$ cat protein.tsv   # TSV, C-alpha atoms
chain	number	residue	atom	x	y	z
M	1	MET	CA	-16.38	36.30	-43.73
M	2	GLU	CA	-17.04	32.81	-42.42
M	3	GLU	CA	-17.51	32.37	-38.68
M	4	ASP	CA	-14.60	29.93	-38.47
M	5	ASP	CA	-12.27	32.53	-40.01
M	6	LEU	CA	-13.48	35.18	-37.59
M	7	ILE	CA	-12.88	32.83	-34.66
M	8	LEU	CA	-9.39	31.99	-35.94
M	9	ARG	CA	-8.50	35.65	-36.33
M	10	SER	CA	-9.98	36.45	-32.92
M	11	LYS	CA	-7.74	33.80	-31.39
M	12	GLU	CA	-4.79	35.68	-32.88
M	13	GLY	CA	-5.97	38.83	-31.09
M	14	ASP	CA	-7.81	40.45	-34.01
M	15	LEU	CA	-10.32	42.70	-32.23
M	16	ASP	CA	-12.16	43.64	-35.44
M	17	ALA	CA	-12.81	39.99	-36.19
M	18	PHE	CA	-14.08	39.40	-32.68
M	19	ASN	CA	-16.31	42.47	-32.89
M	20	GLN	CA	-17.94	40.99	-35.98
M	21	LEU	CA	-18.80	37.96	-33.86
M	22	VAL	CA	-20.10	40.32	-31.16
M	23	GLU	CA	-22.35	42.05	-33.67
M	24	LYS	CA	-23.69	38.72	-34.79
M	25	TYR	CA	-24.45	37.35	-31.32
M	26	GLN	CA	-24.91	40.34	-29.00
M	27	ARG	CA	-28.69	40.36	-29.41
M	28	GLN	CA	-28.95	36.73	-28.36
M	29	VAL	CA	-26.47	37.19	-25.51
M	30	TYR	CA	-28.33	40.26	-24.25
M	31	ASN	CA	-31.74	38.59	-24.51
M	32	LEU	CA	-30.54	35.53	-22.60
M	33	ALA	CA	-29.12	37.79	-19.88
M	34	LEU	CA	-32.31	39.86	-19.77
M	35	ARG	CA	-34.55	36.80	-19.41
M	36	MET	CA	-32.26	35.26	-16.81
M	37	LEU	CA	-31.84	38.42	-14.73
M	38	GLY	CA	-35.06	40.26	-15.46
M	39	LYS	CA	-33.51	43.71	-15.33
M	40	ALA	CA	-31.94	45.69	-18.14
M	41	PRO	CA	-28.98	47.18	-16.19
M	42	ALA	CA	-28.01	43.77	-14.81
M	43	ALA	CA	-28.42	42.26	-18.28
M	44	GLU	CA	-26.15	44.95	-19.74
M	45	ASP	CA	-23.49	44.24	-17.14
M	46	ALA	CA	-23.71	40.49	-17.74
M	47	THR	CA	-23.57	40.95	-21.52
M	48	GLN	CA	-20.52	43.18	-21.31
M	49	GLU	CA	-18.84	40.84	-18.84
M	50	ALA	CA	-19.62	37.79	-20.98
M	51	LEU	CA	-18.30	39.30	-24.21
M	52	LEU	CA	-15.13	40.58	-22.55
M	53	SER	CA	-14.57	37.18	-20.96
M	54	ALA	CA	-15.18	35.53	-24.32
M	55	PHE	CA	-12.57	37.69	-25.99
M	56	LYS	CA	-10.04	37.03	-23.25
M	57	GLY	CA	-10.80	33.32	-23.24
M	58	ILE	CA	-11.28	32.64	-26.93
M	59	GLY	CA	-7.86	30.99	-27.03
M	60	GLY	CA	-9.42	28.22	-24.95
M	61	PHE	CA	-12.25	27.63	-27.45
M	62	ARG	CA	-11.46	24.27	-29.00
M	63	GLY	CA	-13.85	24.37	-31.91
M	64	GLY	CA	-17.41	23.11	-32.07
M	65	ASN	CA	-20.47	25.23	-31.55
M	66	PHE	CA	-19.37	28.82	-30.96
M	67	ARG	CA	-22.87	30.00	-30.06
M	68	ALA	CA	-23.19	27.34	-27.37
M	69	TRP	CA	-19.76	28.27	-26.01
M	70	LEU	CA	-20.64	31.97	-25.93
M	71	LEU	CA	-24.01	31.36	-24.29
M	72	ARG	CA	-22.34	29.18	-21.66
M	73	ILE	CA	-20.09	32.11	-20.78
M	74	THR	CA	-23.19	34.30	-20.71
M	75	ALA	CA	-25.00	31.91	-18.39
M	76	ASN	CA	-22.00	31.97	-16.05
M	77	ALA	CA	-21.88	35.77	-16.17
M	78	CYS	CA	-25.59	35.77	-15.27
M	79	ARG	CA	-24.87	33.54	-12.27
M	80	ASP	CA	-22.24	36.03	-11.14
M	81	GLN	CA	-24.74	38.85	-11.53
M	82	MET	CA	-27.32	36.91	-9.51
M	83	ARG	CA	-24.79	36.45	-6.72
M	84	PHE	CA	-23.95	40.15	-6.94
M	85	TRP	CA	-27.59	41.16	-6.56
M	86	ARG	CA	-28.25	38.57	-3.84
M	87	ARG	CA	-25.54	40.17	-1.71
M	88	ARG	CA	-27.50	43.45	-1.88
M	89	PRO	CA	-30.73	42.82	-0.02
M	90	ALA	CA	-32.11	46.27	-0.83
M	91	VAL	CA	-32.62	45.14	-4.45
M	92	SER	CA	-33.39	41.46	-4.34
M	93	LEU	CA	-33.79	39.31	-7.42
M	94	ASP	CA	-37.44	38.79	-6.52
M	95	ALA	CA	-38.01	42.44	-7.19
M	96	LEU	CA	-36.41	42.24	-10.60
M	97	VAL	CA	-39.22	42.03	-13.08
M	98	LEU	CA	-38.64	41.95	-16.77
M	99	GLU	CA	-38.97	45.44	-18.12
M	100	PRO	CA	-41.52	45.73	-20.90
M	101	GLU	CA	-39.20	46.98	-23.57
M	102	ALA	CA	-40.17	44.94	-26.57
M	103	ASP	CA	-39.41	46.45	-29.91
M	104	ARG	CA	-42.43	48.50	-30.85
M	105	GLY	CA	-41.80	48.24	-34.56
M	106	ALA	CA	-45.01	48.40	-36.53
M	107	GLN	CA	-47.23	47.03	-33.73
M	108	SER	CA	-50.48	48.71	-32.89
M	109	PRO	CA	-50.71	50.23	-29.41
M	110	GLU	CA	-53.10	47.43	-28.39
M	111	ASP	CA	-50.71	44.72	-29.58
M	112	TYR	CA	-47.84	46.46	-27.88
M	113	ALA	CA	-49.73	46.70	-24.59
M	114	LEU	CA	-50.77	43.05	-24.80
M	115	ARG	CA	-47.23	41.91	-25.47
M	116	ARG	CA	-45.98	44.06	-22.61
M	117	GLU	CA	-48.48	42.45	-20.28
M	118	LEU	CA	-47.67	38.98	-21.57
M	119	GLY	CA	-43.95	39.71	-21.29
M	120	ASP	CA	-44.40	40.84	-17.69
M	121	GLU	CA	-46.37	37.78	-16.67
M	122	ILE	CA	-43.99	35.35	-18.32
M	123	ALA	CA	-41.03	37.20	-16.88
M	124	LYS	CA	-42.47	36.82	-13.40
M	125	ALA	CA	-43.16	33.16	-14.04
M	126	LEU	CA	-39.60	32.66	-15.31
M	127	ALA	CA	-38.18	34.50	-12.30
M	128	ALA	CA	-39.98	32.01	-10.05
M	129	LEU	CA	-38.11	29.07	-11.62
M	130	PRO	CA	-34.84	27.67	-10.29
M	131	ALA	CA	-31.95	29.06	-12.37
M	132	ASP	CA	-31.17	25.78	-14.18
M	133	GLN	CA	-34.77	25.23	-15.24
M	134	ARG	CA	-35.10	28.89	-16.24
M	135	LEU	CA	-31.99	28.60	-18.40
M	136	ALA	CA	-33.30	25.48	-20.13
M	137	VAL	CA	-36.70	27.06	-20.86
M	138	ILE	CA	-35.17	30.30	-22.14
M	139	LEU	CA	-32.68	28.54	-24.37
M	140	TYR	CA	-35.20	26.16	-25.91
M	141	ASP	CA	-38.50	28.00	-25.95
M	142	ILE	CA	-37.28	31.57	-26.43
M	143	GLU	CA	-33.83	31.40	-28.01
M	144	GLY	CA	-34.60	28.33	-30.10
M	145	LEU	CA	-31.52	26.24	-29.34
M	146	SER	CA	-31.61	22.48	-29.86
M	147	TYR	CA	-31.37	20.00	-26.96
M	148	GLU	CA	-27.80	19.22	-28.04
M	149	GLU	CA	-26.78	22.88	-27.96
M	150	ILE	CA	-28.40	23.36	-24.56
M	151	ALA	CA	-26.48	20.35	-23.27
M	152	GLN	CA	-23.28	22.08	-24.38
M	153	VAL	CA	-24.32	25.39	-22.79
M	154	MET	CA	-25.16	23.64	-19.52
M	155	ASN	CA	-22.28	21.18	-19.78
M	156	SER	CA	-24.70	18.39	-18.99
M	157	SER	CA	-26.30	15.34	-20.60
M	158	LEU	CA	-29.30	15.35	-22.91
M	159	GLY	CA	-31.27	13.59	-20.18
M	160	THR	CA	-30.55	16.43	-17.77
M	161	VAL	CA	-31.64	18.99	-20.35
M	162	ARG	CA	-34.85	17.07	-20.96
M	163	SER	CA	-35.56	16.85	-17.27
M	164	ARG	CA	-34.84	20.51	-16.52
M	165	LEU	CA	-36.91	21.70	-19.45
M	166	SER	CA	-39.76	19.43	-18.49
M	167	ARG	CA	-39.80	20.46	-14.84
M	168	GLY	CA	-39.44	24.12	-15.79
M	169	ARG	CA	-42.43	23.98	-18.12
M	170	VAL	CA	-44.58	22.24	-15.52
M	171	ARG	CA	-43.72	24.92	-12.97
M	172	LEU	CA	-44.44	27.64	-15.51
M	173	ARG	CA	-47.81	26.05	-16.22
M	174	LEU	CA	-48.72	25.93	-12.54
M	175	TYR	CA	-47.63	29.54	-12.04
M	176	LEU	CA	-49.49	30.85	-15.06
M	177	GLU	CA	-52.62	28.81	-14.34
M	178	GLN	CA	-52.90	30.54	-10.98
M	179	ARG	CA	-52.49	34.02	-12.42
M	180	MET	CA	-53.77	34.15	-15.93
M	181	GLU	CA	-56.76	33.29	-17.98
M	182	LEU	CA	-54.56	32.51	-20.94
M	183	LEU	CA	-54.33	28.79	-20.34
M	184	PRO	CA	-56.98	26.18	-21.15
G	1	MET	CA	-42.54	12.49	-20.93
G	2	LEU	CA	-45.02	15.09	-22.21
G	3	SER	CA	-42.48	17.89	-22.54
G	4	PRO	CA	-40.05	15.94	-24.78
G	5	TYR	CA	-43.08	14.54	-26.59
G	6	ILE	CA	-44.08	18.09	-27.57
G	7	ASP	CA	-40.54	18.70	-28.79
G	8	HIS	CA	-40.42	15.40	-30.76
G	9	GLN	CA	-37.45	14.33	-28.68
G	10	LEU	CA	-38.70	10.84	-27.83
G	11	THR	CA	-37.66	7.66	-29.56
G	12	SER	CA	-40.32	6.13	-31.76
G	13	SER	CA	-41.09	3.46	-29.16
G	14	GLU	CA	-41.41	6.06	-26.37
G	15	GLN	CA	-43.60	8.16	-28.60
G	16	GLY	CA	-45.83	5.15	-29.27
G	17	LEU	CA	-46.18	4.51	-25.55
G	18	VAL	CA	-47.11	8.14	-24.83
G	19	GLU	CA	-49.67	8.23	-27.62
G	20	ALA	CA	-51.21	4.96	-26.50
G	21	HIS	CA	-51.52	6.33	-22.95
G	22	LEU	CA	-52.93	9.66	-24.12
G	23	GLU	CA	-55.72	7.87	-26.00
G	24	ARG	CA	-57.12	6.51	-22.79
G	25	CYS	CA	-56.13	9.18	-20.22
G	26	GLN	CA	-58.09	12.40	-20.27
G	27	ALA	CA	-56.06	13.94	-17.44
G	28	CYS	CA	-52.86	13.58	-19.45
G	29	GLN	CA	-54.61	14.94	-22.53
G	30	ARG	CA	-55.55	18.05	-20.57
G	31	GLU	CA	-52.04	18.36	-19.24
G	32	LEU	CA	-50.61	18.03	-22.72
G	33	GLU	CA	-52.94	20.73	-23.97
G	34	SER	CA	-52.00	22.97	-21.08
G	35	LEU	CA	-48.27	22.40	-21.59
G	36	ARG	CA	-48.60	23.20	-25.28
G	37	ALA	CA	-50.33	26.44	-24.38
G	38	VAL	CA	-47.46	27.36	-22.04
G	39	VAL	CA	-44.90	26.60	-24.71
G	40	ASN	CA	-46.81	28.68	-27.25
G	41	LEU	CA	-46.99	31.57	-24.81
G	42	VAL	CA	-43.29	31.45	-24.07
G	43	HIS	CA	-42.55	31.30	-27.80
G	44	ARG	CA	-44.31	34.64	-28.11
G	45	VAL	CA	-41.98	36.41	-25.72
G	46	PRO	CA	-40.55	39.20	-27.87
G	47	SER	CA	-36.90	39.55	-28.68
G	48	VAL	CA	-35.43	42.79	-27.36
G	49	SER	CA	-32.89	44.99	-29.09
G	50	PRO	CA	-29.77	45.56	-27.00
G	51	PRO	CA	-29.72	49.13	-25.66
G	52	ARG	CA	-26.28	49.68	-27.17
G	53	SER	CA	-23.56	47.97	-29.10
G	54	PHE	CA	-21.33	45.71	-27.03
G	55	THR	CA	-18.42	45.72	-29.45
G	56	ILE	CA	-15.13	46.04	-27.62
G	57	ALA	CA	-13.66	49.47	-28.21
G	58	GLU	CA	-10.37	49.16	-26.34
G	59	ALA	CA	-7.65	46.60	-26.78
G	60	VAL	CA	-8.04	44.16	-23.91
G	61	PRO	CA	-4.91	42.16	-23.13
G	62	LYS	CA	-5.33	38.48	-23.79
G	63	ARG	CA	-4.82	36.11	-20.89
G	64	ARG	CA	-1.28	34.84	-20.54
G	65	ALA	CA	0.64	32.87	-18.00
G	66	ALA	CA	0.01	34.24	-14.52
G	67	PRO	CA	3.33	36.10	-13.98
G	68	VAL	CA	3.12	37.77	-17.37
G	69	ALA	CA	-0.51	38.61	-16.77
G	70	VAL	CA	0.37	40.49	-13.60
G	71	PHE	CA	2.83	42.73	-15.38
G	72	SER	CA	0.72	43.16	-18.50
G	73	ALA	CA	-2.19	44.14	-16.28
G	74	ALA	CA	0.03	46.70	-14.61
G	75	THR	CA	1.24	48.23	-17.85
G	76	SER	CA	-2.21	48.32	-19.41
G	77	GLY	CA	-3.90	49.37	-16.20
G	78	ALA	CA	-4.94	52.72	-17.63
G	79	VAL	CA	-6.89	51.03	-20.41
G	80	LEU	CA	-8.43	48.45	-18.15
G	81	LEU	CA	-9.51	51.06	-15.63
G	82	LEU	CA	-11.96	52.28	-18.22
G	83	GLU	CA	-13.69	48.93	-18.04
G	84	ARG	CA	-15.74	49.16	-14.90
G	85	ARG	CA	-16.00	45.45	-14.32
G	86	VAL	CA	-12.27	44.77	-14.40
G	87	ALA	CA	-11.07	47.98	-12.78
G	88	SER	CA	-10.62	46.44	-9.34
G	89	LEU	CA	-8.62	43.50	-10.66
G	90	ALA	CA	-6.42	45.83	-12.71
G	91	VAL	CA	-5.73	48.05	-9.71
G	92	LEU	CA	-4.97	45.01	-7.59
G	93	SER	CA	-2.63	43.58	-10.21
G	94	ALA	CA	-0.88	46.91	-10.64
G	95	ALA	CA	-0.47	47.23	-6.87
G	96	THR	CA	0.99	43.72	-6.68
G	97	ALA	CA	3.37	44.40	-9.53
G	98	GLY	CA	4.44	47.66	-7.86
G	99	ALA	CA	5.05	45.92	-4.56
G	100	VAL	CA	7.11	43.20	-6.32
G	101	LEU	CA	9.23	45.83	-8.05
G	102	LEU	CA	9.83	47.74	-4.82
G	103	LEU	CA	10.72	44.53	-3.00
G	104	ALA	CA	13.21	43.62	-5.74
G	105	PHE	CA	14.63	47.14	-5.52
G	106	PHE	CA	15.14	46.82	-1.77
G	107	PHE	CA	16.84	43.43	-2.11
G	108	VAL	CA	19.19	44.66	-4.82
G	109	SER	CA	19.95	47.88	-2.91
G	110	ASP	CA	20.62	45.89	0.21
G	111	ALA	CA	22.90	43.42	-1.57
G	112	LEU	CA	24.88	46.12	-3.35
G	113	ASN	CA	24.89	48.56	-0.42
G	114	LEU	CA	23.57	51.24	-2.72
G	115	PHE	CA	22.31	53.45	0.07
G	116	ALA	CA	24.97	52.70	2.64
G	117	SER	CA	27.65	55.14	3.77
G	118	GLU	CA	31.31	54.29	4.25
G	119	VAL	CA	32.09	55.78	7.65
G	120	PRO	CA	35.55	55.66	9.19
G	121	VAL	CA	35.64	53.60	12.34
G	122	GLY	CA	35.72	55.86	15.38
G	123	VAL	CA	34.28	58.89	13.66
G	124	GLU	CA	31.89	59.43	16.53
G	125	GLU	CA	34.75	59.66	18.95
G	126	ARG	CA	36.56	62.18	16.82
G	127	LEU	CA	33.47	64.30	16.59
G	128	GLY	CA	33.22	64.06	20.36
G	129	GLU	CA	36.75	65.30	20.80
G	130	ALA	CA	36.01	68.26	18.58
G	131	GLY	CA	33.17	69.14	20.89
G	132	LEU	CA	30.50	68.27	18.35
G	133	LEU	CA	29.15	65.47	20.47
G	134	ALA	CA	27.98	66.15	23.98
G	135	GLU	CA	29.53	63.08	25.53
G	136	PRO	CA	32.56	61.53	23.87
G	137	SER	CA	32.98	57.82	24.30
G	138	PRO	CA	35.03	57.03	27.40
G	139	ASP	CA	37.07	54.57	25.31
G	140	MET	CA	38.54	57.37	23.27
G	141	ALA	CA	40.19	59.26	26.07
G	142	GLY	CA	43.57	58.14	24.76
G	143	GLY	CA	43.49	60.37	21.69
G	144	ALA	CA	42.51	60.23	18.02
G	145	PRO	CA	42.41	56.78	16.46
G	146	ASP	CA	44.60	55.87	13.54
G	147	LEU	CA	42.18	55.89	10.64
G	148	ALA	CA	44.45	53.85	8.45
G	149	GLU	CA	44.44	51.10	11.02
G	150	ALA	CA	40.83	51.39	11.99
G	151	GLY	CA	39.51	51.29	8.41
G	152	TYR	CA	35.89	51.98	7.47
G	153	GLU	CA	32.62	50.52	8.48
G	154	THR	CA	29.38	50.35	6.47
G	155	VAL	CA	26.38	52.11	7.91
G	156	GLU	CA	22.97	51.52	6.33
G	157	ASN	CA	20.99	54.67	5.98
G	158	TRP	CA	17.74	52.76	5.18
G	159	PRO	CA	16.11	50.15	7.42
G	160	PHE	CA	16.35	47.46	4.73
G	161	TRP	CA	15.63	44.52	6.96
G	162	GLN	CA	12.29	45.95	8.09
G	163	LEU	CA	11.41	47.10	4.56
G	164	GLU	CA	12.14	43.67	3.10
G	165	VAL	CA	10.00	41.87	5.65
G	166	ALA	CA	7.14	44.36	5.31
G	167	PHE	CA	7.12	44.27	1.51
G	168	SER	CA	7.47	40.48	1.40
G	169	ALA	CA	4.32	40.23	3.48
G	170	LEU	CA	2.60	42.82	1.28
G	171	VAL	CA	3.54	40.95	-1.91
G	172	VAL	CA	2.29	37.65	-0.53
G	173	ILE	CA	-1.04	39.15	0.55
G	174	LEU	CA	-1.61	41.17	-2.63
G	175	GLY	CA	-0.45	38.28	-4.80
G	176	ALA	CA	-2.81	35.84	-3.12
G	177	VAL	CA	-5.79	38.18	-3.41
G	178	THR	CA	-4.99	38.93	-7.08
G	179	LEU	CA	-4.58	35.25	-7.88
G	180	ILE	CA	-7.87	34.32	-6.22
G	181	TRP	CA	-9.64	37.13	-8.07
G	182	TRP	CA	-8.02	36.18	-11.35
G	183	LEU	CA	-8.97	32.52	-10.95
G	184	LYS	CA	-12.51	33.55	-10.11
G	185	ARG	CA	-12.76	35.57	-13.32
G	186	ARG	CA	-11.18	32.74	-15.26
G	187	LYS	CA	-13.97	30.44	-14.13
G	188	VAL	CA	-16.42	32.55	-16.08
G	189	THR	CA	-14.93	31.25	-19.32
G	190	GLU	CA	-14.07	27.75	-18.20
G	191	ARG	CA	-16.76	26.80	-15.76
G	192	GLY	CA	-19.57	24.74	-17.16
$ encode --input "protein.tsv" --output "structure tokens"
Amino acid sequence: MEEDDLILRSKEGDLDAFNQLVEKYQRQVYNLALRMLGKAPAAEDATQEALLSAFKGIGGFRGGNFRAWLLRITANACRDQMRFWRRRPAVSLDALVLEPEADRGAQSPEDYALRRELGDEIAKALAALPADQRLAVILYDIEGLSYEEIAQVMNSSLGTVRSRLSRGRVRLRLYLEQRMELLP
Amino acid sequence: MLSPYIDHQLTSSEQGLVEAHLERCQACQRELESLRAVVNLVHRVPSVSPPRSFTIAEAVPKRRAAPVAVFSAATSGAVLLLERRVASLAVLSAATAGAVLLLAFFFVSDALNLFASEVPVGVEERLGEAGLLAEPSPDMAGGAPDLAEAGYETVENWPFWQLEVAFSALVVILGAVTLIWWLKRRKVTERG
């Protein structure tokens, strides 16, 4: 069934139709939450919260890019999670490092270990970025959204997206240069 | 300019300017190379499978106008309680709805005198004469009153005035907290 039909039926309260949208986008929603928050339990909470909020609020979706709309809700749910964790000093966000849980698939143990290490380092570098820059980098460089889609997710101009992405990448470069031998 | 240059997001004139500068600036060439390496590294971050399916198993009530939402939240509270993240809001909404219902009940009962007793005027004095009260009223020394003349008076068995004030305050407080919470949750879908 076409996405537009699923959205229309979801607006009428059809849970099955909405769940088909969930199945289509949950991986991307979860990955965005995981990269933003750096911890699987927090990412699970944010994903669940975002998808529930999306279902409750889908009546307010006025057409356009559904993925961008859903990821905007996810980004907001992540902000709520960040506030939640910040209020609990025993487990600060600084301590939340991306868990190395990449799909093992058919990788060799060496490849898997290398990707785990790479994932850890990049996760730490991402965690060091301000949230807006982190979001821009994740959406463009990891999730593969266009500048226009990111502008919709962030509810900002293309210039702002460009600037946040640019500053985020520069910070990432400085962070990784200090810690890794991977950069020229 | 180097980051959008990598992404081919510059206009052709901007791109020309950057390329002309890069030809004569080794520092910027190195920075471009370094930025490209970062971007390539980040591209290699693996996608992770969600640990479980996030499909919604229970019917979640859709958002309606605020007053309806309060009552719908109350009636579907049992379902919502299963959802950890909304349990507190559901409980709060249900409590508010309960307080509103009780307050309405008290007002109606008060207006209709549902829990009031019709007591003949002077009944205390008569009881006193019969020796059932320790000290009969001194006014009644002249004998039993004529009930037909005296009529009846209404005596409230429940302290309605205090209950109404207390529950009005409770409704206002619970309603305000629920509304604030509800608006906060609403922002998740509408905030940008």
$ closest_residue --input "protein.tsv" --among "M:Gly63, M:Gly168, M:Gly119, M:Gly159" --to "chain G" --atoms "all atoms listed in the file"
M:Gly119
$ interface_residues --input "protein.tsv" --of "chain M" --to "chain G" --cutoff "6 Å" --atoms "all atoms listed in the file" --output "PyMOL selection string"
chain M and resi 19+22+27+56+73+76+102-103+119+141-142+155+166+173+184
$ closest_residue --input "protein.tsv" --among "M:Ala54, M:Phe61, M:Val29, M:Leu174" --to "Asp4 (chain M)" --atoms "all atoms listed in the file"
M:Phe61
$ residues_around --input "protein.tsv" --residues "region 101-106 of chain G" --least-positions-apart "3" --cutoff "7 Å" --atoms "all atoms listed in the file" --output "MDAnalysis selection string"
chainID G and resid 97:98 109:110 160 164 167:168
$ residues_around --input "protein.tsv" --residues "Arg79 (chain M)" --least-positions-apart "4" --cutoff "10 Å" --atoms "all atoms listed in the file" --output "MDAnalysis selection string"
(chainID M and resid 33 36:37 46 73:75 83:85 131) or (chainID G and resid 188)
$ closest_residue --input "protein.tsv" --among "M:Asn65, M:Gln178, M:Gln81, M:Ser53" --to "Gln152 (chain M)" --atoms "only C-alpha atoms"
M:Asn65
$ atom_distance --input "protein.tsv" --atom1 "CA of Thr11 (chain G)" --atom2 "CA of Leu165 (chain M)"
17.3 Å
$ closest_residue --input "protein.tsv" --among "G:Val100, G:Leu114, G:Leu89, G:Gln162" --to "Val177 (chain G)" --atoms "all atoms listed in the file"
G:Leu89
$ residues_around --input "protein.tsv" --residues "Gly175 (chain G)" --least-positions-apart "4" --cutoff "9 Å" --atoms "only C-alpha atoms" --output "list in words"
Leu92, Ser93, Thr96, Ala97, Leu170, Val171, Leu179 and Ile180 of chain G
$ atom_distance --input "protein.tsv" --atom1 "CA of Glu14 (chain G)" --atom2 "CA of Ala151 (chain M)"
20.9 Å
$ atom_distance --input "protein.tsv" --atom1 "CA of Gln48 (chain M)" --atom2 "CA of Tyr30 (chain M)"
8.8 Å
$ decode --input "protein.tsv" --residues "region 68-84 of chain M" --atoms "N, CA and C atoms" --output "PDB file, in the first residue's frame"
ATOM      1  N   ALA M  68      10.511  13.232   7.351  1.00  0.00           N
ATOM      2  CA  ALA M  68      11.046  14.415   8.042  1.00  0.00           C
ATOM      3  C   ALA M  68      10.182  14.755   9.254  1.00  0.00           C
ATOM      4  N   TRP M  69       8.870  14.635   9.094  1.00  0.00           N
ATOM      5  CA  TRP M  69       7.949  14.921  10.204  1.00  0.00           C
ATOM      6  C   TRP M  69       8.196  13.955  11.361  1.00  0.00           C
ATOM      7  N   LEU M  70       8.341  12.674  11.026  1.00  0.00           N
ATOM      8  CA  LEU M  70       8.542  11.648  12.053  1.00  0.00           C
ATOM      9  C   LEU M  70       9.895  11.833  12.753  1.00  0.00           C
ATOM     10  N   LEU M  71      10.905  12.165  11.982  1.00  0.00           N
ATOM     11  CA  LEU M  71      12.232  12.353  12.584  1.00  0.00           C
ATOM     12  C   LEU M  71      12.285  13.626  13.429  1.00  0.00           C
ATOM     13  N   ARG M  72      11.452  14.603  13.078  1.00  0.00           N
ATOM     14  CA  ARG M  72      11.383  15.803  13.925  1.00  0.00           C
ATOM     15  C   ARG M  72      10.799  15.444  15.288  1.00  0.00           C
ATOM     16  N   ILE M  73       9.757  14.623  15.272  1.00  0.00           N
ATOM     17  CA  ILE M  73       9.179  14.156  16.540  1.00  0.00           C
ATOM     18  C   ILE M  73      10.218  13.355  17.318  1.00  0.00           C
ATOM     19  N   THR M  74      10.982  12.548  16.591  1.00  0.00           N
ATOM     20  CA  THR M  74      12.026  11.751  17.245  1.00  0.00           C
ATOM     21  C   THR M  74      13.086  12.659  17.872  1.00  0.00           C
ATOM     22  N   ALA M  75      13.491  13.675  17.134  1.00  0.00           N
ATOM     23  CA  ALA M  75      14.503  14.600  17.675  1.00  0.00           C
ATOM     24  C   ALA M  75      13.979  15.277  18.938  1.00  0.00           C
ATOM     25  N   ASN M  76      12.700  15.629  18.943  1.00  0.00           N
ATOM     26  CA  ASN M  76      12.116  16.240  20.144  1.00  0.00           C
ATOM     27  C   ASN M  76      12.062  15.253  21.302  1.00  0.00           C
ATOM     28  N   ALA M  77      11.710  14.007  20.980  1.00  0.00           N
ATOM     29  CA  ALA M  77      11.682  12.973  22.032  1.00  0.00           C
ATOM     30  C   ALA M  77      13.088  12.769  22.593  1.00  0.00           C
ATOM     31  N   CYS M  78      14.091  12.866  21.736  1.00  0.00           N
ATOM     32  CA  CYS M  78      15.486  12.730  22.207  1.00  0.00           C
ATOM     33  C   CYS M  78      15.836  13.887  23.145  1.00  0.00           C
ATOM     34  N   ARG M  79      15.382  15.092  22.805  1.00  0.00           N
ATOM     35  CA  ARG M  79      15.647  16.239  23.686  1.00  0.00           C
ATOM     36  C   ARG M  79      15.024  16.004  25.058  1.00  0.00           C
ATOM     37  N   ASP M  80      13.813  15.455  25.054  1.00  0.00           N
ATOM     38  CA  ASP M  80      13.162  15.154  26.332  1.00  0.00           C
ATOM     39  C   ASP M  80      13.975  14.128  27.116  1.00  0.00           C
ATOM     40  N   GLN M  81      14.477  13.121  26.414  1.00  0.00           N
ATOM     41  CA  GLN M  81      15.288  12.100  27.081  1.00  0.00           C
ATOM     42  C   GLN M  81      16.566  12.712  27.654  1.00  0.00           C
ATOM     43  N   MET M  82      17.164  13.631  26.887  1.00  0.00           N
ATOM     44  CA  MET M  82      18.398  14.273  27.368  1.00  0.00           C
ATOM     45  C   MET M  82      18.129  15.050  28.649  1.00  0.00           C
ATOM     46  N   ARG M  83      16.984  15.750  28.657  1.00  0.00           N
ATOM     47  CA  ARG M  83      16.618  16.497  29.874  1.00  0.00           C
ATOM     48  C   ARG M  83      16.404  15.532  31.031  1.00  0.00           C
ATOM     49  N   PHE M  84      15.748  14.402  30.719  1.00  0.00           N
ATOM     50  CA  PHE M  84      15.466  13.389  31.737  1.00  0.00           C
ATOM     51  C   PHE M  84      16.772  12.890  32.358  1.00  0.00           C
TER      52      PHE M  84
END
